[in-house]
$ cat input-v1.txt   # compact mmCIF, C-alpha atoms
# COMPACT_ATOMS: atom_id res chain seq x y z
CA MET A 143 76.27 123.11 72.64
CA SER A 144 76.69 124.68 69.21
CA SER A 145 75.38 128.25 68.78
CA VAL A 146 74.23 127.57 65.22
CA LYS A 147 70.50 127.07 65.00
CA VAL A 148 69.11 124.00 63.32
CA LEU A 149 66.33 124.44 60.76
CA LYS A 150 62.98 122.96 61.73
CA VAL A 151 62.58 120.13 59.26
CA ARG A 152 60.95 116.73 59.29
CA PRO A 153 63.61 114.07 60.01
CA THR A 154 63.21 112.18 56.75
CA LYS A 155 65.72 111.02 54.14
CA ILE A 156 63.94 113.12 51.47
CA GLU A 157 64.47 116.19 53.60
CA LEU A 158 68.15 115.35 53.99
CA ILE A 159 68.58 115.05 50.22
CA ARG A 160 66.72 118.34 49.75
CA LEU A 161 68.95 120.04 52.31
CA LYS A 162 72.11 118.76 50.64
CA ARG A 163 70.90 120.18 47.32
CA ARG A 164 70.13 123.47 48.98
CA LEU A 165 73.60 123.59 50.50
CA VAL A 166 75.23 123.14 47.09
CA LEU A 167 73.06 125.94 45.69
CA ALA A 168 73.78 128.24 48.63
CA ARG A 169 77.54 127.69 48.33
CA ARG A 170 77.45 128.40 44.61
CA ILE A 171 75.50 131.60 45.11
CA HIS A 172 77.83 132.63 47.88
CA ARG A 173 80.83 132.18 45.59
CA ILE A 174 79.21 134.21 42.79
CA LEU A 175 78.08 136.95 45.16
CA ARG A 176 81.55 137.18 46.68
CA GLU A 177 83.10 137.43 43.24
CA ARG A 178 80.60 140.11 42.26
CA LEU A 179 81.27 141.98 45.47
CA THR A 180 85.03 141.92 44.80
CA ILE A 181 84.51 143.34 41.32
CA LEU A 182 82.12 146.00 42.54
CA VAL A 183 84.54 147.06 45.28
CA ALA A 184 87.37 147.28 42.72
CA GLU A 185 85.18 149.43 40.46
CA PHE A 186 84.14 151.54 43.44
CA LEU A 187 87.74 152.19 44.48
CA ASP A 188 88.69 153.06 40.93
CA ILE A 189 85.86 155.55 40.60
CA ALA A 190 86.54 156.91 44.08
CA ARG A 191 90.14 157.69 43.03
CA LYS A 192 88.88 159.34 39.86
CA THR A 193 86.33 161.37 41.86
CA VAL A 194 88.96 162.64 44.30
CA LYS A 195 91.20 163.70 41.40
CA LEU A 196 88.30 165.41 39.62
CA ARG A 197 87.23 167.25 42.76
CA GLU A 198 90.77 168.50 43.39
CA GLU A 199 91.02 169.62 39.78
CA LEU A 200 87.63 171.29 40.00
CA HIS A 201 88.67 173.26 43.07
CA ARG A 202 91.86 174.37 41.38
CA LYS A 203 90.09 175.33 38.16
CA ALA A 204 87.35 177.15 40.08
CA GLU A 205 89.98 179.20 41.86
CA GLU A 206 91.66 180.06 38.56
CA ALA A 207 88.34 180.82 36.87
CA TYR A 208 87.14 183.19 39.60
CA PHE A 209 90.52 184.88 39.67
CA ALA A 210 90.32 185.42 35.89
CA LEU A 211 86.76 186.71 36.28
CA THR A 212 87.84 189.15 38.98
CA LEU A 213 90.53 190.53 36.69
CA ALA A 214 88.05 190.88 33.84
CA TYR A 215 85.55 192.51 36.20
CA GLY A 216 88.20 194.95 37.40
CA TYR A 217 89.12 195.97 33.87
CA HIS A 218 85.70 196.07 32.16
CA GLY A 219 83.41 196.71 35.08
CA ARG A 220 80.05 195.07 35.75
CA LYS A 221 78.24 196.67 32.82
CA GLY A 222 80.95 195.83 30.31
CA LEU A 223 81.04 192.20 31.41
CA GLU A 224 77.26 191.83 31.36
CA LYS A 225 77.11 193.25 27.85
CA GLU A 226 79.63 190.69 26.55
CA ALA A 227 78.03 187.88 28.54
CA LEU A 228 74.73 188.46 26.75
CA ALA A 229 76.45 187.84 23.43
CA VAL A 230 77.95 184.52 24.49
CA GLU A 231 74.81 183.01 26.01
CA ARG A 232 74.24 179.51 24.68
CA LYS A 233 72.47 176.24 25.32
CA VAL A 234 74.53 173.21 26.18
CA SER A 235 73.07 169.96 24.94
CA ALA A 236 73.87 166.73 26.73
CA VAL A 237 72.86 163.12 26.34
CA PHE A 238 71.92 161.29 29.53
CA GLY A 239 72.35 157.56 29.17
CA ILE A 240 72.75 154.48 31.32
CA ASN A 241 75.88 152.48 31.82
CA ASN A 242 75.57 149.01 33.31
CA ILE A 243 78.34 147.95 35.70
CA MET A 244 77.73 144.34 36.78
CA GLY A 245 73.99 144.93 36.88
CA VAL A 246 74.24 148.33 38.59
CA LYS A 247 72.76 151.05 36.41
CA VAL A 248 74.87 154.18 36.63
CA PRO A 249 74.51 157.46 34.75
CA LEU A 250 76.49 158.37 31.67
CA ILE A 251 76.58 161.97 30.46
CA GLU A 252 77.88 162.86 27.04
CA THR A 253 78.14 166.53 26.16
CA GLU A 254 79.10 168.36 23.04
CA LYS A 255 82.54 169.97 23.01
CA LEU A 256 82.26 172.66 25.67
CA GLU A 257 85.50 174.51 25.05
CA ARG A 258 85.11 176.99 22.19
CA THR A 259 87.51 179.02 20.14
CA LEU A 260 87.60 182.79 20.34
CA ALA A 261 85.58 183.17 17.15
CA GLU A 262 82.97 180.64 18.29
CA ARG A 263 82.26 182.49 21.53
CA GLY A 264 80.53 185.31 19.72
CA TYR A 265 81.58 188.45 21.58
CA SER A 266 83.27 191.37 19.92
CA LEU A 267 87.00 190.82 19.87
CA ALA A 268 87.67 194.47 19.20
CA ASN A 269 85.99 195.71 22.38
CA THR A 270 87.25 193.05 24.75
CA THR A 271 90.55 192.12 26.27
CA LEU A 272 92.50 188.98 27.09
CA TYR A 273 91.00 189.03 30.59
CA ILE A 274 87.55 188.14 29.23
CA ASP A 275 88.99 185.47 26.92
CA GLU A 276 90.81 183.91 29.83
CA ALA A 277 87.76 183.97 32.12
CA ALA A 278 85.53 182.46 29.41
CA LYS A 279 88.05 179.71 28.73
CA ARG A 280 88.41 178.88 32.42
CA PHE A 281 84.65 178.72 32.98
CA GLU A 282 84.17 176.45 29.99
CA GLU A 283 86.71 174.06 31.49
CA LEU A 284 84.94 174.34 34.85
CA LEU A 285 81.61 173.40 33.28
CA ARG A 286 83.09 170.30 31.66
CA LEU A 287 84.70 169.26 34.93
CA SER A 288 81.47 169.81 36.89
CA ILE A 289 79.58 167.50 34.55
CA GLU A 290 82.30 164.84 34.76
CA LEU A 291 82.37 165.09 38.54
CA GLY A 292 78.58 164.86 38.77
CA GLU A 293 78.62 161.67 36.74
CA ALA A 294 81.45 160.15 38.80
CA GLU A 295 79.86 161.03 42.15
CA LYS A 296 76.47 159.60 41.19
CA THR A 297 78.19 156.42 39.97
CA LEU A 298 80.05 156.21 43.26
CA GLU A 299 76.83 156.59 45.23
CA LYS A 300 75.01 153.91 43.23
CA LEU A 301 77.91 151.48 43.49
CA GLY A 302 78.20 152.15 47.23
CA MET A 303 74.54 151.33 47.75
CA GLU A 304 74.83 148.11 45.78
CA ILE A 305 77.99 147.09 47.67
CA LYS A 306 76.19 147.62 50.96
CA LYS A 307 73.29 145.43 49.84
CA MET A 308 75.62 142.83 48.38
CA ARG A 309 77.75 142.65 51.54
CA ARG A 310 74.66 142.03 53.64
CA ARG A 311 73.64 139.18 51.35
CA VAL A 312 77.10 137.63 51.40
CA ASN A 313 77.17 137.84 55.20
CA VAL A 314 73.72 136.27 55.54
CA LEU A 315 74.82 133.38 53.39
CA GLU A 316 78.22 133.01 55.03
CA HIS A 317 77.27 133.39 58.67
CA ILE A 318 73.64 132.32 58.90
CA LEU A 319 72.25 130.32 56.04
CA ILE A 320 75.12 128.00 55.13
CA PRO A 321 76.04 127.18 58.78
CA ARG A 322 72.37 126.47 59.54
CA ILE A 323 71.97 124.12 56.60
CA GLU A 324 75.24 122.38 57.51
CA ALA A 325 74.14 122.02 61.13
CA THR A 326 70.76 120.63 60.07
CA ILE A 327 72.41 118.12 57.73
CA LYS A 328 74.69 117.03 60.56
CA TYR A 329 71.75 116.79 62.97
CA LEU A 330 69.69 114.70 60.54
CA SER A 331 72.61 112.41 59.70
CA MET A 332 73.23 111.79 63.40
CA LYS A 333 69.54 111.12 63.95
CA PHE A 334 69.48 108.55 61.15
CA GLU A 335 72.62 106.86 62.46
CA GLU A 336 71.07 106.68 65.90
CA ARG A 337 67.88 105.19 64.47
CA GLU A 338 69.94 102.60 62.65
CA ARG A 339 71.79 101.69 65.83
CA GLU A 340 68.50 101.39 67.74
CA GLU A 341 67.09 99.19 64.99
CA ARG A 342 70.14 96.95 65.09
CA ALA A 343 69.94 96.64 68.87
CA ARG A 344 66.22 95.85 68.62
CA LEU A 345 66.87 93.14 66.05
CA LYS A 346 69.57 91.60 68.22
CA ARG A 347 67.18 91.59 71.16
CA VAL A 348 64.45 89.95 69.06
CA LYS A 349 66.97 87.37 67.85
CA VAL A 350 67.94 86.55 71.44
CA ILE A 351 64.27 86.25 72.52
CA LEU A 352 63.47 84.03 69.51
CA SER A 353 66.46 81.75 70.13
CA ARG A 354 65.50 81.52 73.79
CA ARG A 355 61.94 80.50 72.86
CA ARG A 356 63.23 77.92 70.42
CA GLY A 357 65.53 76.54 73.13
CA GLU A 358 62.60 76.09 75.51
CA MET B 31 57.80 122.72 53.88
CA MET B 32 57.71 125.73 56.20
CA ASP B 33 57.10 129.25 54.92
CA TYR B 34 60.52 130.37 56.17
CA GLU B 35 62.30 127.70 54.19
CA LYS B 36 60.23 128.34 51.11
CA ALA B 37 61.18 131.98 51.29
CA LEU B 38 64.85 131.04 51.63
CA GLU B 39 64.72 128.73 48.66
CA GLU B 40 63.00 131.41 46.60
CA LEU B 41 65.65 133.91 47.61
CA LEU B 42 68.43 131.58 46.53
CA LYS B 43 66.82 130.85 43.16
CA GLU B 44 66.10 134.51 42.57
CA GLU B 45 69.68 135.46 43.36
CA LEU B 46 71.07 132.91 40.93
CA LEU B 47 68.78 134.07 38.16
CA ARG B 48 69.35 137.72 38.88
CA LEU B 49 73.07 137.29 38.76
CA ALA B 50 73.14 135.19 35.67
CA ASN B 51 74.70 137.83 33.48
CA LYS B 52 71.63 139.99 33.12
CA HIS B 53 73.84 142.96 32.38
CA LEU B 54 75.26 141.42 29.22
CA PRO B 55 74.04 142.59 25.83
CA TYR B 56 71.28 140.80 24.06
CA LYS B 57 73.24 141.22 20.85
CA LYS B 58 76.74 142.64 20.39
CA LYS B 59 77.45 145.38 17.87
CA SER B 60 80.55 145.97 15.81
CA LEU B 61 82.74 149.02 16.33
CA LYS B 62 81.86 150.18 12.83
CA GLU B 63 78.15 149.94 13.61
CA VAL B 64 78.32 151.90 16.86
CA LEU B 65 80.54 154.57 15.33
CA ASN B 66 77.74 155.32 12.88
CA GLU B 67 75.10 155.56 15.59
CA LYS B 68 74.06 158.91 17.00
CA TYR B 69 73.74 157.39 20.47
CA PRO B 70 76.05 154.34 20.52
CA HIS B 71 74.42 151.69 22.68
CA VAL B 72 73.40 148.04 23.07
CA THR B 73 70.34 146.52 24.71
CA THR B 74 71.08 144.30 27.68
CA ARG B 75 69.35 141.03 28.57
CA ASP B 76 67.28 142.73 31.26
CA GLY B 77 65.92 145.11 28.62
CA SER B 78 67.82 148.20 29.68
CA ILE B 79 70.17 150.23 27.52
CA HIS B 80 73.92 150.31 27.92
CA MET B 81 75.58 153.29 26.29
CA PHE B 82 79.16 153.56 25.07
CA LYS B 83 81.34 156.59 25.64
CA ARG B 84 82.48 158.31 22.46
CA ASP B 85 85.99 158.79 23.87
CA GLU B 86 86.38 155.05 24.31
CA LEU B 87 85.16 154.36 20.79
CA GLU B 88 87.66 156.89 19.49
CA LEU B 89 90.40 155.13 21.47
CA LEU B 90 89.42 151.74 20.03
CA LYS B 91 89.45 153.27 16.55
CA THR B 92 93.08 154.21 16.96
CA LEU B 93 94.13 150.79 18.26
CA ILE B 94 93.11 148.72 15.24
CA SER B 95 93.18 149.24 11.50
CA GLU B 96 89.99 150.33 9.74
CA ASP B 97 89.39 146.94 8.09
CA LYS B 98 88.99 145.39 11.56
CA TRP B 99 86.35 147.83 12.80
CA ASP B 100 83.52 145.56 11.74
CA LYS B 101 85.20 142.54 13.36
CA LEU B 102 85.52 144.07 16.82
CA LYS B 103 82.31 143.26 18.68
CA LEU B 104 81.27 145.49 21.54
CA PRO B 105 81.12 145.32 24.46
CA ILE B 106 84.24 143.20 24.87
CA ILE B 107 83.36 140.42 27.32
CA ILE B 108 85.75 139.78 30.20
CA GLU B 109 84.73 136.29 31.25
CA LEU B 110 85.57 135.32 34.81
CA ASN B 111 86.67 131.74 34.60
CA PRO B 112 87.34 129.62 37.70
CA ASP B 113 89.32 127.14 35.58
CA TYR B 114 92.22 129.62 35.51
CA GLY B 115 92.06 130.36 39.24
CA GLU B 116 90.24 132.89 41.38
CA GLY B 117 90.16 136.35 39.85
CA ALA B 118 91.34 135.19 36.45
CA ALA B 119 89.41 136.12 33.36
CA ILE B 120 89.52 135.25 29.73
CA ILE B 121 88.90 137.38 26.66
CA ARG B 122 88.13 135.67 23.39
CA GLY B 123 88.35 136.81 19.78
CA LYS B 124 91.28 137.76 17.56
CA VAL B 125 90.60 141.48 17.28
CA GLU B 126 89.56 141.69 20.92
CA VAL B 127 92.85 140.08 21.99
CA GLU B 128 94.77 142.52 19.79
CA VAL B 129 93.04 145.51 21.42
CA ILE B 130 93.45 144.21 24.97
CA SER B 131 97.12 143.28 24.54
CA LYS B 132 97.84 146.77 23.17
CA ILE B 133 96.15 148.45 26.11
CA LEU B 134 97.82 146.23 28.70
CA GLY B 135 101.13 146.12 26.88
CA VAL B 136 101.37 142.34 27.02
CA LYS B 137 102.08 139.70 24.41
CA PRO B 138 99.34 137.06 24.26
CA LYS B 139 100.26 133.38 24.13
CA ARG B 140 97.45 132.64 21.74
CA GLU B 141 96.07 135.06 19.20
CA ASP B 142 92.41 134.18 19.76
CA GLU B 143 92.28 134.30 23.56
CA ILE B 144 94.06 135.98 26.42
CA VAL B 145 93.99 135.29 30.16
CA ILE B 146 94.16 138.32 32.41
CA TYR B 147 94.16 138.76 36.18
CA ARG B 148 92.50 141.11 38.63
CA PRO B 149 94.99 144.04 38.48
CA GLN B 150 94.89 143.89 34.69
CA ILE B 151 91.09 143.86 34.73
CA SER B 152 91.27 147.01 36.78
CA ILE B 153 93.58 148.73 34.27
CA LEU B 154 91.44 147.60 31.39
CA ARG B 155 88.25 148.87 32.99
CA ARG B 156 89.90 152.22 33.66
CA HIS B 157 90.48 152.64 29.92
CA LEU B 158 87.39 150.94 28.60
CA ARG B 159 84.70 151.23 31.27
CA THR B 160 81.69 151.26 28.97
CA THR B 161 83.06 149.18 26.10
CA THR B 162 83.89 146.17 28.28
CA GLN B 163 81.60 144.05 30.43
CA ILE B 164 82.53 141.52 33.10
CA ALA B 165 80.65 138.24 32.87
CA PHE B 166 80.45 135.04 34.85
CA SER B 167 81.28 131.98 32.82
CA LEU B 168 78.72 129.20 32.67
CA ARG B 169 81.08 127.03 34.74
CA SER B 170 81.10 129.52 37.57
CA ILE B 171 77.30 129.67 37.58
CA ILE B 172 76.55 126.00 37.20
CA GLY B 173 79.55 124.88 39.22

$ encode --input "input-v1.txt" --output "structure tokens"
Amino acid sequence: MSSVKVLKVRPTKIELIRLKRRLVLARRIHRILRERLTILVAEFLDIARKTVKLREELHRKAEEAYFALTLAYGYHGRKGLEKEALAVERKVSAVFGINNIMGVKVPLIETEKLERTLAERGYSLANTTLYIDEAAKRFEELLRLSIELGEAEKTLEKLGMEIKKMRRRVNVLEHILIPRIEATIKYLSMKFEEREREERARLKRVKVILSRRRGE
Amino acid sequence: MMDYEKALEELLKEELLRLANKHLPYKKKSLKEVLNEKYPHVTTRDGSIHMFKRDELELLKTLISEDKWDKLKLPIIIELNPDYGEGAAIIRGKVEVEVISKILGVKPKREDEIVIYRPQISILRRHLRTTTQIAFSLRSIIG
């Protein structure tokens, strides 16, 4: 006996037609969902690659930035660094938007140019050394990378969640719904064929009885 | 009809409607238009906002001459079309084809449409993630 369950439906021709329509619809949706899943997976892999690269770069830059900061700290001391840091304090403005990837809303962060020139930074060039310039430059790069990585990781998370949901839907259609509808259609068709055969046999029997009566 | 079946039918209908290109823009905007906007964006059919990255707009600016900026409509639609086989997509529009062929480094057969395949879609999306959108063609929805 087949392991696929048959839907509980009334054995009527109308129901059979309805089921056939539903099967066409289910197959179409399955095809679209599968296509969407393929695209989402491709996007996911692409962003995953980008995220890995960004994270590696971030680690490298962080190492360089903290090394530059240590050198600056060693030369100027804590007080000297704090004094210059006060001068360069600034607000970073960013625009948080939405980007739509196949119906999945992912974040988009646009920032102003984060890397500044020596003159734009605002600290006294006469009282500082190259160590501070280098540390400031490295940390500006680090900030830009952190924002980019944040955006990529959030996108990855959102896409991952959608893929999980989508895969479940595709599997339900592929392994449960479509086989059940197919099995029900088959069951109903067989039932109707059987009814037809019974009807034919009954008619034959009636014909024999009638001819016998006429013969008497 | 049983409740279970009703629910199934509703689910199927809902899925089809939900997937029917709700992420596409309600109205496209030209490159020239979005370059003048403070926050370059379009409104999608589901009412949400889809923003474009400035970097991508700058890239597009360099790929075509200035007189074509108002002819390039964004986002560029990558239309999945089952007529050309599974995974194949078509991009329509003269300027759009010019941009895409420059990015992919291919020579289009026709100047108003180009057929691309899955690996090329991937490359294209890597360069223009916000300024392109993938869509299902009507044939793939209706069948």

$ atom_distance --input "input-v1.txt" --atom1 "CA of Ile174 (chain A)" --atom2 "CA of Pro112 (chain B)"
10.6 Å

$ interface_residues --input "input-v1.txt" --of "chain A" --to "chain B" --cutoff "7 Å" --atoms "all atoms listed in the file" --output "short mmCIF file (atom, residue, chain, number, x, y, z; two decimals) with C-alpha atoms, in the coordinates of the input"
data_model
loop_
_atom_site.label_atom_id
_atom_site.label_comp_id
_atom_site.auth_asym_id
_atom_site.auth_seq_id
_atom_site.Cartn_x
_atom_site.Cartn_y
_atom_site.Cartn_z
CA ALA A 168 73.78 128.24 48.63
CA ARG A 170 77.45 128.40 44.61
CA ILE A 171 75.50 131.60 45.11
CA GLY A 239 72.35 157.56 29.17
CA ILE A 240 72.75 154.48 31.32
CA ASN A 241 75.88 152.48 31.82
CA ASN A 242 75.57 149.01 33.31
CA MET A 244 77.73 144.34 36.78
CA GLY A 245 73.99 144.93 36.88
#

$ atom_distance --input "input-v1.txt" --atom1 "CA of Gly302 (chain A)" --atom2 "CA of Lys247 (chain A)"
12.2 Å

$ atom_distance --input "input-v1.txt" --atom1 "CA of Ala204 (chain A)" --atom2 "CA of Leu256 (chain A)"
15.9 Å

$ closest_residue --input "input-v1.txt" --among "B:Leu90, B:Asp97, B:His157, B:Tyr114" --to "Val129 (chain B)" --atoms "all atoms listed in the file"
B:Leu90

$ residues_around --input "input-v1.txt" --residues "region 177-180 of chain A" --least-positions-apart "4" --cutoff "8 Å" --atoms "only C-alpha atoms" --output "list in words"
Arg173, Ala184, Met244, Ile305, Met308 and Arg309 of chain A; Gly117 of chain B

$ residues_around --input "input-v1.txt" --residues "Leu291 (chain A)" --least-positions-apart "5" --cutoff "8 Å" --atoms "all atoms listed in the file" --output "list in words"
Thr193, Leu196 and Arg197 of chain A

$ closest_residue --input "input-v1.txt" --among "A:Arg263, A:Arg347, A:Lys192, A:Lys203" --to "Glu226 (chain A)" --atoms "all atoms listed in the file"
A:Arg263

$ residues_around --input "input-v1.txt" --residues "Ser266 (chain A)" --least-positions-apart "6" --cutoff "12 Å" --atoms "all atoms listed in the file" --output "list in words"
Gly222, Leu223, Lys225, Glu226, Ala227, Leu228, Ala229, Val230, Leu260, Leu272, Ile274 and Asp275 of chain A

$ axis_aligned_box --input "input-v1.txt" --around "region 342-349 of chain A" --padding-each-side "8 Å" --output "AutoDock Vina command-line options"
--center_x 67.3 --center_y 92.2 --center_z 68.1 --size_x 21.7 --size_y 25.6 --size_z 22.1

$ closest_residue --input "input-v1.txt" --among "B:Lys101, B:Glu96, B:Ile146, B:Val136" --to "Gly123 (chain B)" --atoms "only C-alpha atoms"
B:Lys101

$ residues_around --input "input-v1.txt" --residues "Lys91 (chain B)" --least-positions-apart "3" --cutoff "12 Å" --atoms "all atoms listed in the file" --output "PyMOL selection string"
chain B and resi 60-62+64-65+84-88+94-102+125+129

$ write_last_selection --input "input-v1.txt" --atoms "C-alpha atoms" --output "PDB file, in the frame of the given file"
ATOM      1  CA  SER B  60      80.550 145.970  15.810  1.00  0.00           C
ATOM      2  CA  LEU B  61      82.740 149.020  16.330  1.00  0.00           C
ATOM      3  CA  LYS B  62      81.860 150.180  12.830  1.00  0.00           C
ATOM      4  CA  VAL B  64      78.320 151.900  16.860  1.00  0.00           C
ATOM      5  CA  LEU B  65      80.540 154.570  15.330  1.00  0.00           C
ATOM      6  CA  ARG B  84      82.480 158.310  22.460  1.00  0.00           C
ATOM      7  CA  ASP B  85      85.990 158.790  23.870  1.00  0.00           C
ATOM      8  CA  GLU B  86      86.380 155.050  24.310  1.00  0.00           C
ATOM      9  CA  LEU B  87      85.160 154.360  20.790  1.00  0.00           C
ATOM     10  CA  GLU B  88      87.660 156.890  19.490  1.00  0.00           C
ATOM     11  CA  ILE B  94      93.110 148.720  15.240  1.00  0.00           C
ATOM     12  CA  SER B  95      93.180 149.240  11.500  1.00  0.00           C
ATOM     13  CA  GLU B  96      89.990 150.330   9.740  1.00  0.00           C
ATOM     14  CA  ASP B  97      89.390 146.940   8.090  1.00  0.00           C
ATOM     15  CA  LYS B  98      88.990 145.390  11.560  1.00  0.00           C
ATOM     16  CA  TRP B  99      86.350 147.830  12.800  1.00  0.00           C
ATOM     17  CA  ASP B 100      83.520 145.560  11.740  1.00  0.00           C
ATOM     18  CA  LYS B 101      85.200 142.540  13.360  1.00  0.00           C
ATOM     19  CA  LEU B 102      85.520 144.070  16.820  1.00  0.00           C
ATOM     20  CA  VAL B 125      90.600 141.480  17.280  1.00  0.00           C
ATOM     21  CA  VAL B 129      93.040 145.510  21.420  1.00  0.00           C
TER      22      VAL B 129
END

$ decode --input "input-v1.txt" --residues "region 91-104 of chain B" --atoms "N, CA and C atoms" --output "compact mmCIF listing (two decimals), in the first residue's frame"
# COMPACT_ATOMS: atom_id res chain seq x y z
N LYS B 91 27.07 55.88 -13.91
CA LYS B 91 27.37 57.17 -14.53
C LYS B 91 28.58 57.06 -15.47
N THR B 92 29.54 56.27 -15.03
CA THR B 92 30.77 56.15 -15.83
C THR B 92 30.59 55.23 -17.04
N LEU B 93 29.58 54.37 -17.00
CA LEU B 93 29.42 53.39 -18.07
C LEU B 93 28.71 53.93 -19.31
N ILE B 94 27.90 54.97 -19.12
CA ILE B 94 27.18 55.53 -20.28
C ILE B 94 27.41 57.04 -20.37
N SER B 95 27.22 57.55 -21.57
CA SER B 95 27.43 58.99 -21.76
C SER B 95 26.29 59.78 -21.11
N GLU B 96 26.56 61.04 -20.82
CA GLU B 96 25.63 61.86 -20.04
C GLU B 96 24.24 62.00 -20.69
N ASP B 97 24.22 62.01 -22.03
CA ASP B 97 22.92 62.17 -22.71
C ASP B 97 22.00 60.95 -22.53
N LYS B 98 22.58 59.84 -22.03
CA LYS B 98 21.75 58.63 -21.84
C LYS B 98 21.29 58.46 -20.38
N TRP B 99 21.70 59.37 -19.52
CA TRP B 99 21.36 59.24 -18.10
C TRP B 99 19.85 59.24 -17.87
N ASP B 100 19.15 60.05 -18.68
CA ASP B 100 17.69 60.09 -18.47
C ASP B 100 16.97 58.94 -19.18
N LYS B 101 17.72 58.16 -19.96
CA LYS B 101 17.09 57.02 -20.66
C LYS B 101 17.26 55.72 -19.88
N LEU B 102 18.22 55.71 -18.99
CA LEU B 102 18.45 54.49 -18.19
C LEU B 102 17.49 54.47 -17.01
N LYS B 103 16.55 53.52 -17.03
CA LYS B 103 15.55 53.44 -15.97
C LYS B 103 15.99 52.46 -14.89
N LEU B 104 15.85 52.92 -13.65
CA LEU B 104 16.30 52.10 -12.52
C LEU B 104 15.13 51.71 -11.63
